[in-house]
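Asker: Structure below; questions to follow.
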Amino acid sequence: MPRRNLSRREFLGASVTGAAALTLAGCGGAGGAGGLLTTGVSTPVDTAEAPSYTLHSEVMRADGDGQTYALDTLRGSLTQFDPGGGTNWELAAGTFDGPTSVSADQQGQIFVSNRGDNAIHVLDSAGRVVDERGPYGSEDGAFRGARDFAVGADDRLYVADVYNHRIQVQAPDGSTEHVFGELGAEPGSLNAPVAVAFDSYGSLHVLSAGNARIDVFDAQGVYERSYGAHGTEVGQMRLPVDLSIGLDDRCYVVDAARSCVEVFEVAGRAPVGCFHPRTASGDPVVPAHVNARAGDGLFITTL
């Protein structure tokens with residue numbers, strides 16, 4: 001079963017810059033609020049408590065190697081924290097040019113997708129760059145927008161190759177083992193896949209921004225099912241940009257067009273509703289990334 005890009009240990013309190021808790025409201029209608037919230041498949045309730053969350057300006061991730069990482073997508077820096085809240089090491093601003101995602105395997109290899117050179121940088125546990133995977137192109141092993149990835153079984157890397165409309169599966173040595181997905185609108189086809197995540201069943205969820213849908217595949221790339229659609233109703237999205245799955249298989253999708261986070265239960269099988277993140281003082285924010293924690297909250301990266 002693929003390992004999760006999550007950890008049960010708490011994120012560092014020092015990383016939190018704001019916190020708020022909201023009530024989920026139904027997302028029906030153009031206004032994106034009001035109406036009944038659907039929990040499960042068909043049980044309407046008036047309100048449901050949204051998950052607690054914290055806001056941050058960096059992409060935060062507790063990962064397979066037991067460490068916590070902060071990736072500053074604007075400054076191009078990367079920091080690894082120790083369990084006590086101190087800093088193990090930090091790569092200075094400008095190290096990366098437009099980084100978008102960070103993850104690590106259980107061997108301590110760290111992966112950073114870098115938009116500037118259209119490559120994935122591989123670092124050792126001390127933060128030294130030991131490999132670079134790319135370049136730009138459409139052949140196997142090349143990318144046209146490697147925005148996100150997930151570490152699977154045996155430390156294989158599943159890369160969302162955005163503008164090639166496919167997923168590339170790479171072995172630990174960086175070689176491409178197989179590729180799946182093609183451009184299309186029908187279920188199982190991809191259109192600008194921007195985020196990937198494994199559920200606890202070992203299935204890979206692929207978020208296509210162009211289709212406003214999540215397609216689910218097994219680890220070999222065999223299509224299983226889909227959920228989500230374009231729209232403003234419960235379980236629908238207008239411009240999804242990120243996906244995260246908690247250890248409880250609750251799925252969270254950032255809808256940039258509505259500045260909300262859409263929530264699905266049971267590995268995407270049951271739409272719940274959306275919530276609009278706000279600061280502790282109640283000011284609205286624009287979410288960019290979401291990272292699920294171990295059942296008790298989220299980290300939301302803001303623009």
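Chain labels run A, B, ... following the order of the structure tokens; each chain numbers its residues from 1, and ligands are numbered from 1 in the order shown.
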Do you know which residues are at most 9 Å from region 110-118 of chain A counting only C-alpha atoms, after dropping those on the same chain fewer than 5 positions away, and could you put them as a PyMOL selection string?

Answerer: chain A and resi 65+71+96-105+123-125+127+133-136+142-149

Asker: With N, CA and C atoms retained, export the selected residues as a short mmCIF file (atom, residue, chain, number, x, y, z; two decimals), in the first residue's frame.

Answerer:
data_model
loop_
_atom_site.label_atom_id
_atom_site.label_comp_id
_atom_site.auth_asym_id
_atom_site.auth_seq_id
_atom_site.Cartn_x
_atom_site.Cartn_y
_atom_site.Cartn_z
N ASP A 65 9.37 10.92 6.13
CA ASP A 65 10.61 10.72 6.86
C ASP A 65 10.50 11.23 8.30
N LEU A 71 8.03 25.22 2.79
CA LEU A 71 8.50 25.64 1.47
C LEU A 71 7.91 27.01 1.18
N PHE A 96 15.43 28.06 -4.94
CA PHE A 96 14.51 27.55 -5.95
C PHE A 96 13.82 28.72 -6.64
N ASP A 97 13.39 28.49 -7.86
CA ASP A 97 12.74 29.51 -8.66
C ASP A 97 11.29 29.09 -8.93
N GLY A 98 10.38 29.56 -8.09
CA GLY A 98 8.98 29.20 -8.25
C GLY A 98 8.67 27.79 -7.82
N PRO A 99 9.13 27.34 -6.63
CA PRO A 99 8.81 25.98 -6.17
C PRO A 99 7.32 25.87 -5.85
N THR A 100 6.76 24.68 -6.04
CA THR A 100 5.33 24.50 -5.83
C THR A 100 4.99 23.38 -4.85
N SER A 101 5.85 22.40 -4.66
CA SER A 101 5.50 21.26 -3.81
C SER A 101 6.75 20.66 -3.20
N VAL A 102 6.61 20.09 -1.99
CA VAL A 102 7.71 19.42 -1.32
C VAL A 102 7.18 18.12 -0.72
N SER A 103 8.00 17.09 -0.75
CA SER A 103 7.66 15.82 -0.14
C SER A 103 8.94 15.06 0.15
N ALA A 104 8.85 14.01 0.94
CA ALA A 104 10.02 13.21 1.27
C ALA A 104 9.61 11.76 1.39
N ASP A 105 10.55 10.86 1.08
CA ASP A 105 10.27 9.44 1.26
C ASP A 105 10.83 8.97 2.60
N LEU A 123 16.88 16.17 -3.02
CA LEU A 123 17.83 16.55 -1.99
C LEU A 123 18.05 15.37 -1.05
N ASP A 124 19.23 15.33 -0.43
CA ASP A 124 19.45 14.33 0.61
C ASP A 124 18.92 14.87 1.93
N SER A 125 19.06 14.10 3.00
CA SER A 125 18.46 14.46 4.28
C SER A 125 19.09 15.71 4.89
N GLY A 127 19.75 18.36 3.01
CA GLY A 127 19.36 19.49 2.18
C GLY A 127 20.27 19.75 1.00
N ARG A 133 15.54 16.09 -11.92
CA ARG A 133 14.77 15.32 -12.88
C ARG A 133 14.00 16.26 -13.78
N GLY A 134 14.09 16.04 -15.05
CA GLY A 134 13.49 16.88 -16.08
C GLY A 134 13.98 16.32 -17.41
N PRO A 135 14.14 17.10 -18.45
CA PRO A 135 13.93 18.55 -18.57
C PRO A 135 12.53 18.85 -19.09
N TYR A 136 12.38 20.00 -19.77
CA TYR A 136 11.12 20.37 -20.40
C TYR A 136 10.90 19.52 -21.64
N ALA A 142 10.44 13.76 -19.05
CA ALA A 142 10.42 15.21 -19.20
C ALA A 142 9.05 15.72 -18.76
N PHE A 143 8.99 17.00 -18.41
CA PHE A 143 7.76 17.57 -17.88
C PHE A 143 7.40 18.87 -18.60
N ARG A 144 6.13 19.14 -18.61
CA ARG A 144 5.62 20.45 -19.00
C ARG A 144 4.72 20.94 -17.86
N GLY A 145 5.38 21.26 -16.75
CA GLY A 145 4.66 21.69 -15.57
C GLY A 145 4.52 20.59 -14.53
N ALA A 146 5.60 20.24 -13.85
CA ALA A 146 5.55 19.23 -12.77
C ALA A 146 5.18 19.94 -11.48
N ARG A 147 3.90 20.17 -11.29
CA ARG A 147 3.45 21.03 -10.18
C ARG A 147 3.34 20.29 -8.85
N ASP A 148 2.95 19.02 -8.88
CA ASP A 148 2.72 18.28 -7.64
C ASP A 148 3.10 16.83 -7.83
N PHE A 149 3.30 16.11 -6.72
CA PHE A 149 3.65 14.70 -6.78
C PHE A 149 3.27 14.04 -5.46
#

Asker: Name the residues in contact with Val196 (chain A) at a cut-off of 9 Å, using only C-alpha atoms, excluding same-chain residues fewer than 2 positions from it; report them as a list in words.

Answerer: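 Contacts, in chain order: Asp148, Phe149, Ala150, Tyr158, Val159, Ala160, Pro193, Val194, Phe198, Leu204, His205, Val206, Leu207, Asp242, Leu243 and Ser244 of chain A.
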
Asker: Please save N, CA and C atoms of the selected residues as a PDB file, in the first residue's frame.

Answerer:
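See part-v3.pdb below for the written result:
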ATOM      1  N   ASP A 148       2.945  19.017  -8.877  1.00  0.00           N
ATOM      2  CA  ASP A 148       2.721  18.285  -7.635  1.00  0.00           C
ATOM      3  C   ASP A 148       3.098  16.826  -7.830  1.00  0.00           C
ATOM      4  N   PHE A 149       3.301  16.111  -6.716  1.00  0.00           N
ATOM      5  CA  PHE A 149       3.647  14.700  -6.776  1.00  0.00           C
ATOM      6  C   PHE A 149       3.267  14.040  -5.460  1.00  0.00           C
ATOM      7  N   ALA A 150       3.231  12.723  -5.468  1.00  0.00           N
ATOM      8  CA  ALA A 150       2.968  11.945  -4.264  1.00  0.00           C
ATOM      9  C   ALA A 150       3.941  10.786  -4.224  1.00  0.00           C
ATOM     10  N   TYR A 158       4.917   9.698  -7.976  1.00  0.00           N
ATOM     11  CA  TYR A 158       3.826   9.888  -8.929  1.00  0.00           C
ATOM     12  C   TYR A 158       3.721  11.385  -9.210  1.00  0.00           C
ATOM     13  N   VAL A 159       4.076  11.785 -10.420  1.00  0.00           N
ATOM     14  CA  VAL A 159       4.213  13.201 -10.773  1.00  0.00           C
ATOM     15  C   VAL A 159       3.049  13.643 -11.647  1.00  0.00           C
ATOM     16  N   ALA A 160       2.391  14.738 -11.247  1.00  0.00           N
ATOM     17  CA  ALA A 160       1.348  15.348 -12.069  1.00  0.00           C
ATOM     18  C   ALA A 160       2.024  16.220 -13.128  1.00  0.00           C
ATOM     19  N   PRO A 193      -3.803  18.093 -14.930  1.00  0.00           N
ATOM     20  CA  PRO A 193      -3.744  17.562 -13.560  1.00  0.00           C
ATOM     21  C   PRO A 193      -2.770  18.380 -12.717  1.00  0.00           C
ATOM     22  N   VAL A 194      -3.271  18.964 -11.642  1.00  0.00           N
ATOM     23  CA  VAL A 194      -2.460  19.883 -10.846  1.00  0.00           C
ATOM     24  C   VAL A 194      -2.119  19.355  -9.460  1.00  0.00           C
ATOM     25  N   PHE A 198      -2.649  10.067  -2.329  1.00  0.00           N
ATOM     26  CA  PHE A 198      -3.097   8.704  -2.076  1.00  0.00           C
ATOM     27  C   PHE A 198      -4.096   8.686  -0.926  1.00  0.00           C
ATOM     28  N   LEU A 204      -4.853   6.381  -6.047  1.00  0.00           N
ATOM     29  CA  LEU A 204      -4.314   7.704  -6.328  1.00  0.00           C
ATOM     30  C   LEU A 204      -5.429   8.609  -6.844  1.00  0.00           C
ATOM     31  N   HIS A 205      -5.630   9.745  -6.173  1.00  0.00           N
ATOM     32  CA  HIS A 205      -6.619  10.732  -6.573  1.00  0.00           C
ATOM     33  C   HIS A 205      -5.923  11.829  -7.371  1.00  0.00           C
ATOM     34  N   VAL A 206      -6.395  12.086  -8.580  1.00  0.00           N
ATOM     35  CA  VAL A 206      -5.780  13.058  -9.475  1.00  0.00           C
ATOM     36  C   VAL A 206      -6.764  14.184  -9.736  1.00  0.00           C
ATOM     37  N   LEU A 207      -6.395  15.402  -9.352  1.00  0.00           N
ATOM     38  CA  LEU A 207      -7.251  16.563  -9.542  1.00  0.00           C
ATOM     39  C   LEU A 207      -6.920  17.237 -10.868  1.00  0.00           C
ATOM     40  N   ASP A 242      -5.868  22.580  -5.762  1.00  0.00           N
ATOM     41  CA  ASP A 242      -5.065  21.718  -4.882  1.00  0.00           C
ATOM     42  C   ASP A 242      -5.969  20.707  -4.197  1.00  0.00           C
ATOM     43  N   LEU A 243      -5.358  19.588  -3.816  1.00  0.00           N
ATOM     44  CA  LEU A 243      -6.059  18.466  -3.206  1.00  0.00           C
ATOM     45  C   LEU A 243      -5.203  17.880  -2.095  1.00  0.00           C
ATOM     46  N   SER A 244      -5.840  17.530  -0.984  1.00  0.00           N
ATOM     47  CA  SER A 244      -5.155  16.818   0.088  1.00  0.00           C
ATOM     48  C   SER A 244      -6.119  15.824   0.709  1.00  0.00           C
TER      49      SER A 244
END

Asker: Report, in Å to a single decimal, how far apart CA of Gly273 (chain A) and CA of Glu58 (chain A) are.

Answerer: 25.4 Å

Asker: Using DSSP on the backbone, list every residue of region 47-114 of chain A that comes out as strand (DSSP E or B), and give them as an MDAnalysis selection string.

Answerer: chainID A and resid 48:49 53:56 59:62 68:72 77:81 87:91 99:104 110:114

Asker: At a cut-off of 8 Å, using only C-alpha atoms, what residues contact region 208-225 of chain A? Leave out same-chain residues fewer than 2 positions from it and give the result as a VMD selection string.

Answerer: chain A and resid 2 152 179 to 181 185 187 to 195 202 to 206 227 to 230 236 to 241

Asker: What's the 8 Å shell around Ser77 (chain A), counting only C-alpha atoms, without same-chain residues fewer than 2 positions away, as a list in words?

Answerer: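 Final neighbour list, sorted by chain and number: Leu71, Asp72, Thr73, Arg75, Thr79, Glu90, Leu91, Ala92, Ala93, Gly94, Thr95 and Phe96 of chain A.
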
Asker: Pull N, CA and C atoms from the residues just selected and write them as a JSON list (two decimals), in the first residue's frame.

Answerer:
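Dumped to part_10.json:
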[["chain", "number", "residue", "atom", "x", "y", "z"],
["A", 71, "LEU", "N", 8.03, 25.22, 2.79],
["A", 71, "LEU", "CA", 8.50, 25.64, 1.47],
["A", 71, "LEU", "C", 7.91, 27.01, 1.18],
["A", 72, "ASP", "N", 8.77, 28.01, 1.06],
["A", 72, "ASP", "CA", 8.32, 29.36, 0.74],
["A", 72, "ASP", "C", 8.29, 29.50, -0.77],
["A", 73, "THR", "N", 7.09, 29.50, -1.34],
["A", 73, "THR", "CA", 6.95, 29.49, -2.79],
["A", 73, "THR", "C", 7.32, 30.83, -3.42],
["A", 75, "ARG", "N", 9.71, 33.17, -1.92],
["A", 75, "ARG", "CA", 11.12, 33.43, -1.70],
["A", 75, "ARG", "C", 12.01, 32.34, -2.27],
["A", 79, "THR", "N", 12.89, 25.00, 4.55],
["A", 79, "THR", "CA", 13.36, 24.81, 5.92],
["A", 79, "THR", "C", 12.90, 23.45, 6.43],
["A", 90, "GLU", "N", 18.27, 25.21, 6.72],
["A", 90, "GLU", "CA", 17.45, 26.07, 5.88],
["A", 90, "GLU", "C", 18.22, 26.39, 4.60],
["A", 91, "LEU", "N", 17.55, 26.23, 3.48],
["A", 91, "LEU", "CA", 18.11, 26.65, 2.20],
["A", 91, "LEU", "C", 17.62, 28.06, 1.93],
["A", 92, "ALA", "N", 18.55, 28.95, 1.62],
["A", 92, "ALA", "CA", 18.26, 30.38, 1.58],
["A", 92, "ALA", "C", 17.30, 30.75, 0.46],
["A", 93, "ALA", "N", 16.74, 31.94, 0.59],
["A", 93, "ALA", "CA", 15.88, 32.49, -0.46],
["A", 93, "ALA", "C", 16.63, 32.51, -1.78],
["A", 94, "GLY", "N", 15.93, 32.15, -2.85],
["A", 94, "GLY", "CA", 16.55, 32.11, -4.18],
["A", 94, "GLY", "C", 17.13, 30.76, -4.54],
["A", 95, "THR", "N", 17.11, 29.81, -3.59],
["A", 95, "THR", "CA", 17.60, 28.46, -3.90],
["A", 95, "THR", "C", 16.75, 27.84, -5.01],
["A", 96, "PHE", "N", 15.43, 28.06, -4.94],
["A", 96, "PHE", "CA", 14.51, 27.55, -5.95],
["A", 96, "PHE", "C", 13.82, 28.72, -6.64]]

Asker: With only C-alpha atoms as the atoms that count, which of A:His289, A:His276, A:Arg128, A:His121 lies nearest to Arg61 (chain A)?

Answerer: A:His289

Asker: So, with only C-alpha atoms as the atoms that count, which of A:Ala267, A:Gly108, A:Ala197, A:Gly235 lies closest to Asn291 (chain A)?

Answerer: A:Ala197

Asker: Between CA of Gln170 (chain A) and CA of Val122 (chain A), measure the distance and give it in Å to one decimal.

Answerer: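 For CA of Gln170 (chain A) relative to CA of Val122 (chain A), the distance reads 12.5 Å.
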
Asker: Considering only C-alpha atoms, can you say which of A:Arg250, A:His165, A:Arg258, A:Arg156 comes closest to Ser200 (chain A)?

Answerer: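 Under the stated criterion, the closest residue is A:Arg250.
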
Asker: Between CA of Phe299 (chain A) and CA of Gly76 (chain A), what distance in Å does the model show, to one decimal?

Answerer: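 Those two atoms sit 19.3 Å apart.
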